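Chemist: Hey, dropping entry21.cif in here, mmCIF, N, CA and C atoms and all ligand atoms:
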data_model
loop_
_atom_site.label_atom_id
_atom_site.label_comp_id
_atom_site.auth_asym_id
_atom_site.auth_seq_id
_atom_site.Cartn_x
_atom_site.Cartn_y
_atom_site.Cartn_z
N MET A 118 -61.48 -97.20 -1.69
CA MET A 118 -61.17 -96.52 -0.44
C MET A 118 -60.17 -95.39 -0.70
N SER A 119 -60.52 -94.20 -0.28
CA SER A 119 -59.59 -93.10 -0.44
C SER A 119 -59.17 -92.59 0.93
N GLY A 120 -58.01 -91.99 0.99
CA GLY A 120 -57.49 -91.51 2.26
C GLY A 120 -57.11 -92.67 3.15
N SER A 121 -57.00 -92.43 4.42
CA SER A 121 -56.58 -93.48 5.31
C SER A 121 -57.66 -93.77 6.32
N SER A 122 -57.58 -94.95 6.89
CA SER A 122 -58.54 -95.33 7.90
C SER A 122 -57.92 -95.22 9.29
N PHE A 123 -56.83 -94.49 9.38
CA PHE A 123 -56.15 -94.35 10.67
C PHE A 123 -56.96 -93.52 11.64
N LYS A 124 -56.92 -93.92 12.88
CA LYS A 124 -57.52 -93.12 13.93
C LYS A 124 -56.39 -92.54 14.77
N ILE A 125 -56.55 -91.28 15.12
CA ILE A 125 -55.55 -90.67 15.96
C ILE A 125 -55.74 -91.18 17.38
N VAL A 126 -54.64 -91.46 18.04
CA VAL A 126 -54.70 -91.96 19.41
C VAL A 126 -54.13 -90.89 20.32
N SER A 127 -54.89 -90.50 21.30
CA SER A 127 -54.39 -89.42 22.16
C SER A 127 -53.62 -89.97 23.35
N GLY A 128 -52.86 -89.12 23.95
CA GLY A 128 -52.10 -89.49 25.14
C GLY A 128 -50.80 -90.20 24.83
N LYS A 129 -50.37 -90.14 23.59
CA LYS A 129 -49.10 -90.77 23.24
C LYS A 129 -47.99 -89.72 23.24
N ARG A 130 -46.80 -90.19 23.56
CA ARG A 130 -45.67 -89.26 23.63
C ARG A 130 -45.06 -89.00 22.28
N LYS A 131 -45.21 -89.97 21.43
CA LYS A 131 -44.55 -89.85 20.14
C LYS A 131 -45.23 -90.76 19.13
N PHE A 132 -45.24 -90.34 17.90
CA PHE A 132 -45.76 -91.17 16.82
C PHE A 132 -44.64 -91.59 15.88
N LEU A 133 -44.73 -92.81 15.43
CA LEU A 133 -43.86 -93.27 14.35
C LEU A 133 -44.74 -93.55 13.14
N PHE A 134 -44.33 -93.06 12.02
CA PHE A 134 -45.04 -93.35 10.78
C PHE A 134 -44.14 -94.15 9.87
N CYS A 135 -44.61 -95.27 9.44
CA CYS A 135 -43.77 -96.13 8.61
C CYS A 135 -44.58 -96.58 7.40
N THR A 136 -44.00 -96.40 6.25
CA THR A 136 -44.73 -96.74 5.04
C THR A 136 -43.77 -97.19 3.95
N ASP A 137 -44.33 -97.85 2.95
CA ASP A 137 -43.52 -98.15 1.78
C ASP A 137 -43.62 -96.97 0.81
N SER A 138 -43.08 -97.14 -0.37
CA SER A 138 -42.91 -95.98 -1.24
C SER A 138 -44.22 -95.34 -1.69
N GLU A 139 -45.33 -96.07 -1.62
CA GLU A 139 -46.58 -95.51 -2.13
C GLU A 139 -47.53 -95.00 -1.04
N GLY A 140 -47.19 -95.25 0.20
CA GLY A 140 -48.16 -95.00 1.26
C GLY A 140 -48.09 -93.66 1.95
N ALA A 141 -47.12 -92.83 1.59
CA ALA A 141 -46.88 -91.60 2.35
C ALA A 141 -48.13 -90.72 2.48
N GLY A 142 -48.95 -90.67 1.44
CA GLY A 142 -50.14 -89.84 1.46
C GLY A 142 -51.16 -90.24 2.50
N ASP A 143 -51.10 -91.50 2.92
CA ASP A 143 -52.05 -91.99 3.91
C ASP A 143 -51.92 -91.29 5.26
N PHE A 144 -50.76 -90.70 5.47
CA PHE A 144 -50.49 -90.10 6.78
C PHE A 144 -50.81 -88.62 6.85
N TYR A 145 -51.32 -88.07 5.78
CA TYR A 145 -51.48 -86.63 5.69
C TYR A 145 -52.24 -86.06 6.89
N ASP A 146 -53.42 -86.63 7.17
CA ASP A 146 -54.25 -86.12 8.27
C ASP A 146 -53.55 -86.25 9.62
N LEU A 147 -52.92 -87.40 9.80
CA LEU A 147 -52.24 -87.65 11.07
C LEU A 147 -51.08 -86.68 11.27
N LEU A 148 -50.37 -86.42 10.19
CA LEU A 148 -49.24 -85.50 10.29
C LEU A 148 -49.71 -84.10 10.67
N GLN A 149 -50.82 -83.70 10.07
CA GLN A 149 -51.38 -82.39 10.40
C GLN A 149 -51.73 -82.30 11.88
N ARG A 150 -52.34 -83.38 12.37
CA ARG A 150 -52.72 -83.42 13.78
C ARG A 150 -51.49 -83.38 14.69
N ALA A 151 -50.53 -84.20 14.35
CA ALA A 151 -49.31 -84.26 15.16
C ALA A 151 -48.63 -82.90 15.21
N LEU A 152 -48.61 -82.23 14.07
CA LEU A 152 -47.99 -80.91 14.00
C LEU A 152 -48.77 -79.91 14.84
N SER A 153 -50.09 -79.91 14.70
CA SER A 153 -50.87 -78.89 15.40
C SER A 153 -50.92 -79.16 16.90
N GLU A 154 -50.79 -80.42 17.28
CA GLU A 154 -50.79 -80.73 18.72
C GLU A 154 -49.38 -80.84 19.28
N LYS A 155 -48.41 -80.57 18.41
CA LYS A 155 -47.00 -80.59 18.82
C LYS A 155 -46.58 -81.93 19.43
N ILE A 156 -47.07 -82.99 18.85
CA ILE A 156 -46.62 -84.32 19.26
C ILE A 156 -45.42 -84.69 18.40
N PRO A 157 -44.33 -85.06 19.03
CA PRO A 157 -43.15 -85.41 18.22
C PRO A 157 -43.42 -86.66 17.37
N PHE A 158 -42.84 -86.69 16.22
CA PHE A 158 -43.00 -87.88 15.39
C PHE A 158 -41.78 -88.11 14.52
N ASP A 159 -41.63 -89.36 14.11
CA ASP A 159 -40.63 -89.74 13.11
C ASP A 159 -41.36 -90.32 11.93
N PHE A 160 -40.81 -90.09 10.78
CA PHE A 160 -41.44 -90.54 9.56
C PHE A 160 -40.42 -91.34 8.77
N HIS A 161 -40.80 -92.53 8.39
CA HIS A 161 -39.85 -93.33 7.62
C HIS A 161 -40.49 -93.96 6.40
N ILE A 162 -39.93 -93.66 5.25
CA ILE A 162 -40.36 -94.33 4.02
C ILE A 162 -39.36 -95.43 3.73
N PHE A 163 -39.87 -96.63 3.78
CA PHE A 163 -39.02 -97.81 3.71
C PHE A 163 -38.62 -98.13 2.28
N THR A 164 -37.37 -98.45 2.12
CA THR A 164 -36.95 -99.02 0.84
C THR A 164 -36.27 -100.37 1.11
N GLU A 165 -36.30 -101.17 0.09
CA GLU A 165 -35.77 -102.54 0.13
C GLU A 165 -34.46 -102.63 0.91
N GLY A 166 -34.38 -103.62 1.78
CA GLY A 166 -33.12 -103.90 2.47
C GLY A 166 -32.87 -103.10 3.73
N GLN A 167 -33.89 -102.42 4.23
CA GLN A 167 -33.68 -101.60 5.42
C GLN A 167 -34.19 -102.25 6.71
N GLU A 168 -34.36 -103.57 6.66
CA GLU A 168 -34.93 -104.26 7.81
C GLU A 168 -34.15 -104.00 9.09
N SER A 169 -32.83 -104.09 9.02
CA SER A 169 -32.06 -103.94 10.26
C SER A 169 -32.09 -102.50 10.74
N MET A 170 -32.18 -101.58 9.80
CA MET A 170 -32.33 -100.18 10.15
C MET A 170 -33.63 -99.93 10.90
N LEU A 171 -34.70 -100.55 10.40
CA LEU A 171 -36.01 -100.43 11.05
C LEU A 171 -35.97 -101.01 12.46
N LYS A 172 -35.31 -102.14 12.57
CA LYS A 172 -35.21 -102.81 13.85
C LYS A 172 -34.55 -101.89 14.88
N ASN A 173 -33.48 -101.26 14.45
CA ASN A 173 -32.81 -100.31 15.34
C ASN A 173 -33.72 -99.14 15.69
N TRP A 174 -34.41 -98.68 14.67
CA TRP A 174 -35.32 -97.55 14.87
C TRP A 174 -36.36 -97.88 15.94
N PHE A 175 -36.94 -99.07 15.84
CA PHE A 175 -37.97 -99.48 16.79
C PHE A 175 -37.39 -99.70 18.19
N SER A 176 -36.23 -100.31 18.23
CA SER A 176 -35.71 -100.68 19.54
C SER A 176 -35.19 -99.48 20.33
N THR A 177 -34.98 -98.34 19.67
CA THR A 177 -34.51 -97.17 20.40
C THR A 177 -35.67 -96.27 20.86
N GLN A 178 -36.90 -96.69 20.60
CA GLN A 178 -38.04 -95.87 20.99
C GLN A 178 -38.37 -96.04 22.47
N LYS A 179 -38.91 -94.97 23.04
CA LYS A 179 -39.26 -95.02 24.46
C LYS A 179 -40.71 -95.47 24.64
N MET A 180 -41.05 -95.79 25.87
CA MET A 180 -42.44 -96.14 26.21
C MET A 180 -43.36 -95.00 25.78
N GLY A 181 -44.56 -95.37 25.38
CA GLY A 181 -45.51 -94.33 25.00
C GLY A 181 -45.43 -93.96 23.53
N THR A 182 -44.62 -94.69 22.81
CA THR A 182 -44.51 -94.45 21.37
C THR A 182 -45.57 -95.27 20.65
N TYR A 183 -46.17 -94.68 19.65
CA TYR A 183 -47.25 -95.34 18.93
C TYR A 183 -46.89 -95.43 17.46
N LEU A 184 -47.10 -96.60 16.90
CA LEU A 184 -46.64 -96.85 15.54
C LEU A 184 -47.79 -96.98 14.55
N TYR A 185 -47.68 -96.23 13.47
CA TYR A 185 -48.63 -96.35 12.36
C TYR A 185 -47.90 -96.95 11.16
N ILE A 186 -48.51 -97.96 10.58
CA ILE A 186 -47.91 -98.58 9.40
C ILE A 186 -48.90 -98.54 8.24
N SER A 187 -48.42 -98.14 7.09
CA SER A 187 -49.27 -98.13 5.91
C SER A 187 -48.53 -98.80 4.77
N GLY A 188 -49.23 -99.64 4.03
CA GLY A 188 -48.58 -100.28 2.90
C GLY A 188 -49.30 -101.54 2.48
N SER A 189 -48.62 -102.34 1.71
CA SER A 189 -49.20 -103.60 1.25
C SER A 189 -49.28 -104.57 2.42
N ALA A 190 -50.06 -105.62 2.26
CA ALA A 190 -50.22 -106.61 3.31
C ALA A 190 -48.88 -107.19 3.74
N GLU A 191 -48.06 -107.48 2.75
CA GLU A 191 -46.76 -108.08 3.02
C GLU A 191 -45.86 -107.13 3.80
N PHE A 192 -45.90 -105.89 3.38
CA PHE A 192 -45.08 -104.85 4.03
C PHE A 192 -45.48 -104.70 5.50
N ILE A 193 -46.79 -104.59 5.72
CA ILE A 193 -47.30 -104.41 7.07
C ILE A 193 -46.89 -105.58 7.97
N LYS A 194 -47.02 -106.77 7.42
CA LYS A 194 -46.66 -107.96 8.18
C LYS A 194 -45.19 -107.92 8.59
N MET A 195 -44.36 -107.57 7.63
CA MET A 195 -42.91 -107.52 7.88
C MET A 195 -42.59 -106.48 8.96
N VAL A 196 -43.16 -105.28 8.83
CA VAL A 196 -42.88 -104.21 9.78
C VAL A 196 -43.40 -104.56 11.17
N LYS A 197 -44.58 -105.15 11.21
CA LYS A 197 -45.16 -105.54 12.49
C LYS A 197 -44.27 -106.54 13.22
N GLU A 198 -43.78 -107.52 12.49
CA GLU A 198 -42.90 -108.52 13.10
C GLU A 198 -41.68 -107.85 13.72
N LEU A 199 -41.11 -106.91 12.99
CA LEU A 199 -39.94 -106.20 13.52
C LEU A 199 -40.32 -105.41 14.76
N ALA A 200 -41.49 -104.78 14.71
CA ALA A 200 -41.94 -103.97 15.85
C ALA A 200 -42.20 -104.86 17.08
N PHE A 201 -42.85 -106.00 16.85
CA PHE A 201 -43.09 -106.93 17.96
C PHE A 201 -41.75 -107.37 18.56
N GLY A 202 -40.82 -107.65 17.68
CA GLY A 202 -39.50 -108.06 18.13
C GLY A 202 -38.82 -107.01 18.99
N ALA A 203 -39.16 -105.74 18.73
CA ALA A 203 -38.56 -104.64 19.49
C ALA A 203 -39.39 -104.30 20.73
N GLY A 204 -40.45 -105.06 20.97
CA GLY A 204 -41.20 -104.87 22.20
C GLY A 204 -42.52 -104.13 22.06
N PHE A 205 -42.89 -103.78 20.85
CA PHE A 205 -44.20 -103.16 20.66
C PHE A 205 -45.29 -104.21 20.87
N SER A 206 -46.44 -103.77 21.33
CA SER A 206 -47.57 -104.68 21.47
C SER A 206 -48.63 -104.33 20.43
N GLU A 207 -49.57 -105.24 20.27
CA GLU A 207 -50.66 -105.05 19.31
C GLU A 207 -51.40 -103.72 19.58
N GLN A 208 -51.46 -103.33 20.86
CA GLN A 208 -52.18 -102.10 21.25
C GLN A 208 -51.42 -100.83 20.87
N GLU A 209 -50.20 -100.96 20.46
CA GLU A 209 -49.39 -99.78 20.16
C GLU A 209 -49.16 -99.61 18.66
N ILE A 210 -49.92 -100.37 17.89
CA ILE A 210 -49.71 -100.34 16.45
C ILE A 210 -51.05 -100.19 15.73
N GLN A 211 -51.08 -99.33 14.74
CA GLN A 211 -52.25 -99.27 13.86
C GLN A 211 -51.77 -99.45 12.44
N THR A 212 -52.56 -100.18 11.65
CA THR A 212 -52.13 -100.42 10.29
C THR A 212 -53.23 -100.05 9.30
N ALA A 213 -52.84 -99.67 8.12
CA ALA A 213 -53.79 -99.44 7.04
C ALA A 213 -53.27 -100.16 5.81
N MET A 214 -54.05 -101.10 5.37
CA MET A 214 -53.64 -101.93 4.25
C MET A 214 -54.04 -101.27 2.94
N ARG A 215 -53.16 -101.32 1.99
CA ARG A 215 -53.49 -100.77 0.69
C ARG A 215 -53.71 -101.88 -0.30
N GLY A 216 -54.65 -101.66 -1.16
CA GLY A 216 -54.89 -102.64 -2.20
C GLY A 216 -55.71 -103.81 -1.70
N PHE A 217 -56.07 -104.64 -2.61
CA PHE A 217 -56.89 -105.79 -2.26
C PHE A 217 -56.05 -106.87 -1.60
N LEU A 218 -56.61 -107.42 -0.56
CA LEU A 218 -55.90 -108.47 0.14
C LEU A 218 -56.76 -109.72 0.22
N PRO A 219 -56.33 -110.80 -0.41
CA PRO A 219 -57.08 -112.03 -0.23
C PRO A 219 -56.87 -112.53 1.19
N LYS A 220 -57.95 -112.66 1.90
CA LYS A 220 -57.86 -113.15 3.27
C LYS A 220 -57.70 -114.66 3.25
N LYS A 221 -56.84 -115.14 4.11
CA LYS A 221 -56.74 -116.58 4.29
C LYS A 221 -57.83 -116.96 5.28
N LEU A 222 -58.61 -117.97 4.93
CA LEU A 222 -59.73 -118.35 5.77
C LEU A 222 -59.64 -119.83 6.14
N ILE A 223 -59.70 -120.11 7.42
CA ILE A 223 -59.64 -121.49 7.88
C ILE A 223 -61.06 -122.00 8.15
N CYS A 224 -61.40 -123.10 7.53
CA CYS A 224 -62.72 -123.71 7.73
C CYS A 224 -62.81 -124.29 9.13
N CYS A 225 -63.88 -123.96 9.85
CA CYS A 225 -63.99 -124.45 11.22
C CYS A 225 -64.42 -125.92 11.26
N THR A 226 -64.88 -126.45 10.15
CA THR A 226 -65.30 -127.84 10.11
C THR A 226 -64.14 -128.78 9.79
N CYS A 227 -63.46 -128.48 8.66
CA CYS A 227 -62.40 -129.41 8.24
C CYS A 227 -61.00 -128.81 8.38
N HIS A 228 -60.92 -127.57 8.83
CA HIS A 228 -59.65 -126.85 8.99
C HIS A 228 -58.91 -126.66 7.67
N GLY A 229 -59.66 -126.76 6.57
CA GLY A 229 -59.05 -126.52 5.27
C GLY A 229 -58.81 -125.03 5.06
N GLU A 230 -57.85 -124.74 4.20
CA GLU A 230 -57.50 -123.36 3.93
C GLU A 230 -58.24 -122.86 2.69
N ASN A 231 -58.87 -121.71 2.80
CA ASN A 231 -59.58 -121.13 1.67
C ASN A 231 -59.13 -119.69 1.48
N GLU A 232 -59.42 -119.15 0.30
CA GLU A 232 -59.18 -117.74 0.09
C GLU A 232 -60.51 -117.02 0.13
N ALA A 233 -60.58 -115.97 0.94
CA ALA A 233 -61.87 -115.37 1.21
C ALA A 233 -62.29 -114.27 0.24
N GLY A 234 -61.36 -113.68 -0.46
CA GLY A 234 -61.74 -112.61 -1.36
C GLY A 234 -62.49 -111.50 -0.65
N GLU A 235 -63.43 -110.87 -1.34
CA GLU A 235 -64.15 -109.76 -0.73
C GLU A 235 -65.55 -110.16 -0.29
N ASN A 236 -65.90 -111.40 -0.50
CA ASN A 236 -67.24 -111.85 -0.14
C ASN A 236 -67.35 -112.16 1.34
N LYS A 237 -68.56 -112.02 1.83
CA LYS A 237 -68.82 -112.30 3.24
C LYS A 237 -68.96 -113.82 3.45
N PHE A 238 -69.36 -114.51 2.40
CA PHE A 238 -69.53 -115.96 2.51
C PHE A 238 -68.65 -116.69 1.49
N VAL A 239 -68.14 -117.82 1.92
CA VAL A 239 -67.27 -118.63 1.07
C VAL A 239 -67.69 -120.08 1.21
N ILE A 240 -67.69 -120.78 0.09
CA ILE A 240 -67.92 -122.22 0.15
C ILE A 240 -66.57 -122.91 0.32
N CYS A 241 -66.43 -123.67 1.37
CA CYS A 241 -65.16 -124.36 1.62
C CYS A 241 -64.86 -125.30 0.46
N ARG A 242 -63.67 -125.11 -0.10
CA ARG A 242 -63.33 -125.91 -1.29
C ARG A 242 -63.03 -127.36 -0.94
N LEU A 243 -62.89 -127.65 0.34
CA LEU A 243 -62.59 -129.01 0.75
C LEU A 243 -63.82 -129.79 1.20
N CYS A 244 -64.66 -129.16 2.01
CA CYS A 244 -65.80 -129.93 2.53
C CYS A 244 -67.14 -129.39 2.03
N GLY A 245 -67.13 -128.28 1.31
CA GLY A 245 -68.36 -127.78 0.72
C GLY A 245 -69.28 -127.02 1.65
N GLN A 246 -68.85 -126.86 2.86
CA GLN A 246 -69.62 -126.12 3.86
C GLN A 246 -69.62 -124.62 3.54
N GLU A 247 -70.77 -123.96 3.74
CA GLU A 247 -70.76 -122.51 3.56
C GLU A 247 -70.23 -121.85 4.83
N LEU A 248 -69.26 -120.99 4.63
CA LEU A 248 -68.61 -120.37 5.78
C LEU A 248 -68.83 -118.86 5.77
N GLU A 249 -69.02 -118.32 6.95
CA GLU A 249 -69.09 -116.88 7.06
C GLU A 249 -67.71 -116.37 7.45
N VAL A 250 -67.24 -115.38 6.71
CA VAL A 250 -65.92 -114.82 6.99
C VAL A 250 -66.02 -113.96 8.24
N SER A 251 -65.35 -114.35 9.28
CA SER A 251 -65.43 -113.60 10.53
C SER A 251 -64.30 -112.61 10.65
N ASP A 252 -64.39 -111.75 11.64
CA ASP A 252 -63.29 -110.82 11.94
C ASP A 252 -62.31 -111.45 12.91
N HIS A 253 -62.56 -112.70 13.19
CA HIS A 253 -61.74 -113.40 14.16
C HIS A 253 -60.43 -113.84 13.50
N TYR A 254 -59.38 -113.14 13.82
CA TYR A 254 -58.09 -113.40 13.20
C TYR A 254 -57.19 -114.16 14.17
N SER A 255 -56.59 -115.20 13.68
CA SER A 255 -55.66 -115.97 14.51
C SER A 255 -54.24 -115.66 14.10
N ARG A 256 -53.49 -115.09 15.02
CA ARG A 256 -52.09 -114.78 14.69
C ARG A 256 -51.28 -116.05 14.53
N ARG A 257 -51.67 -117.07 15.27
CA ARG A 257 -50.94 -118.33 15.20
C ARG A 257 -51.07 -118.95 13.81
N LEU A 258 -52.29 -118.89 13.28
CA LEU A 258 -52.53 -119.48 11.96
C LEU A 258 -52.30 -118.49 10.83
N ASP A 259 -52.17 -117.21 11.19
CA ASP A 259 -52.08 -116.15 10.21
C ASP A 259 -53.27 -116.22 9.24
N ALA A 260 -54.45 -116.37 9.79
CA ALA A 260 -55.64 -116.54 8.97
C ALA A 260 -56.88 -116.13 9.75
N TYR A 261 -57.94 -115.90 9.01
CA TYR A 261 -59.23 -115.63 9.63
C TYR A 261 -59.99 -116.95 9.77
N LEU A 262 -60.93 -116.94 10.70
CA LEU A 262 -61.69 -118.16 10.92
C LEU A 262 -63.03 -118.07 10.22
N GLY A 263 -63.37 -119.14 9.53
CA GLY A 263 -64.65 -119.20 8.83
C GLY A 263 -65.63 -120.06 9.63
N TYR A 264 -66.76 -119.45 9.97
CA TYR A 264 -67.75 -120.17 10.76
C TYR A 264 -68.90 -120.64 9.89
N VAL A 265 -69.44 -121.77 10.28
CA VAL A 265 -70.60 -122.30 9.57
C VAL A 265 -71.80 -121.40 9.88
N THR A 266 -72.50 -121.03 8.84
CA THR A 266 -73.65 -120.15 9.07
C THR A 266 -74.89 -120.96 9.41
N ILE A 267 -75.60 -120.50 10.37
CA ILE A 267 -76.82 -121.18 10.77
C ILE A 267 -78.01 -120.40 10.21
N LYS A 268 -78.80 -121.12 9.45
CA LYS A 268 -79.90 -120.44 8.78
C LYS A 268 -81.25 -120.92 9.31
ZN ZN B 301 -64.20 -127.21 5.14
#
For this file, write the structure as structure tokens.
Modeler:
Amino acid sequence: MSGSSFKIVSGKRKFLFCTDSEGAGDFYDLLQRALSEKIPFDFHIFTEGQESMLKNWFSTQKMGTYLYISGSAEFIKMVKELAFGAGFSEQEIQTAMRGFLPKKLICCTCHGENEAGENKFVICRLCGQELEVSDHYSRRLDAYLGYVTIK
């Protein structure tokens, strides 16, 4: 995957761009758009230990602010938690994950935990059931749900 998978969202008052040290390039297109449409934005490249700084940054934002996060799975998770804590909702955040991410997959039959990798189908390591990796993500479980495929 090259470039970013970010979609520009219109009607926002301000954009926040947040990334770790390797993700800055992902925002290139968005930055161009923000500049040409004169939408105000803040850009932050995160370095270790800036959690409380980020928290302050998020909590001082006004309504209508939209957050873009780019980085590793762990980074995105951390930033999202801080943003949620500051009052952002799922609808006000877009993320782009870099690198391969093993999806956590919960078996719908035995509720066992599996790693989904990049395949669409996974054999549950606990009950042997073939599971289809769904897009159904549970925030409570921090995992995707694996459904039994009907053939
Ligand atoms: Zn199972």
Chemist: Using only C-alpha atoms and all ligand atoms, what does the table of chain A residues within 8 Å of ligand ZN 301 (chain B) look like, with each row giving the shortest atom pair and its distance in Å to one decimal, sorted by chain and ascending number, as a tab-separated table?
Modeler:
residue	atom	partner	partner_atom	distance
A:Ile223	CA	B:ZN301	ZN	7.8
A:Cys224	CA	B:ZN301	ZN	4.6
A:Cys225	CA	B:ZN301	ZN	6.7
A:Thr226	CA	B:ZN301	ZN	5.1
A:Cys227	CA	B:ZN301	ZN	4.2
A:His228	CA	B:ZN301	ZN	6.0
A:Gly229	CA	B:ZN301	ZN	5.2
A:Glu230	CA	B:ZN301	ZN	7.8
A:Ile240	CA	B:ZN301	ZN	8.0
A:Cys241	CA	B:ZN301	ZN	4.6
A:Arg242	CA	B:ZN301	ZN	6.6
A:Leu243	CA	B:ZN301	ZN	5.0
A:Cys244	CA	B:ZN301	ZN	4.1
A:Gly245	CA	B:ZN301	ZN	6.1
A:Gln246	CA	B:ZN301	ZN	5.7
Chemist: Residues of chain A classed as strand (DSSP E) by DSSP on the backbone are to be reported as a PyMOL selection string.
Modeler: chain A and resi 131-136+158-162+182-188+210-214+221-224+230-232+238-240+247-255+260-265
Chemist: May I have all residues of chain A that DSSP, computed from the backbone, assigns to alpha helix (DSSP H), given as a PyMOL selection string?
Modeler: chain A and resi 145-153+168-176+190-202
Chemist: What is the distance, in Å and to one decimal place, between atom CA of Ser189 of chain A and atom N of Gly128 of chain A?
Modeler: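 Separating atom CA of Ser189 of chain A from atom N of Gly128 of chain A is a distance of 27.2 Å.
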Chemist: Hey, what's within 12 Å of Glu165 of chain A if we count only C-alpha atoms and toss same-chain stuff fewer than 6 positions away? As a PyMOL selection string, please?
Modeler: chain A and resi 136-138+171+192+195
Chemist: Applying 8 Å and all atoms listed in the file, which residues near Gly263 of chain A remain after dropping the ones on its own chain fewer than 6 positions away? List them as a list of chain:residue names.
Modeler: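 Once the nearby chain positions are removed, what remains is A:Lys221, A:Leu222, A:Ile223, A:Cys224, A:Cys225, A:Thr226, A:Val239, A:Glu247, A:Leu248, A:Glu249, A:Val250, A:Ser251, A:Asp252, A:His253.
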Chemist: Given the choices A:Thr266, A:Thr182, A:Glu232, A:Phe134, which gets closest to Glu209 of chain A if the distance is worked out from all atoms listed in the file?
Modeler: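 Among the listed residues, the smallest separation from Glu209 of chain A belongs to A:Thr182.
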Chemist: Choose the residue, out of A:Val196, A:Ala260, A:Ala190, A:Val126, that has the smallest atom-to-atom separation from Glu154 of chain A; count only C-alpha atoms.
Modeler: A:Val126
Chemist: Report the distance between atom CA of Tyr145 of chain A and atom CA of Phe132 of chain A in Å, rounded to one decimal place.
Modeler: 13.3 Å
Chemist: When you draw a straight line from atom CA of Ser176 of chain A to atom CA of Leu148 of chain A, how long is it in Å?
Modeler: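 Atom CA of Leu148 of chain A lies at a distance of 22.3 Å from atom CA of Ser176 of chain A.
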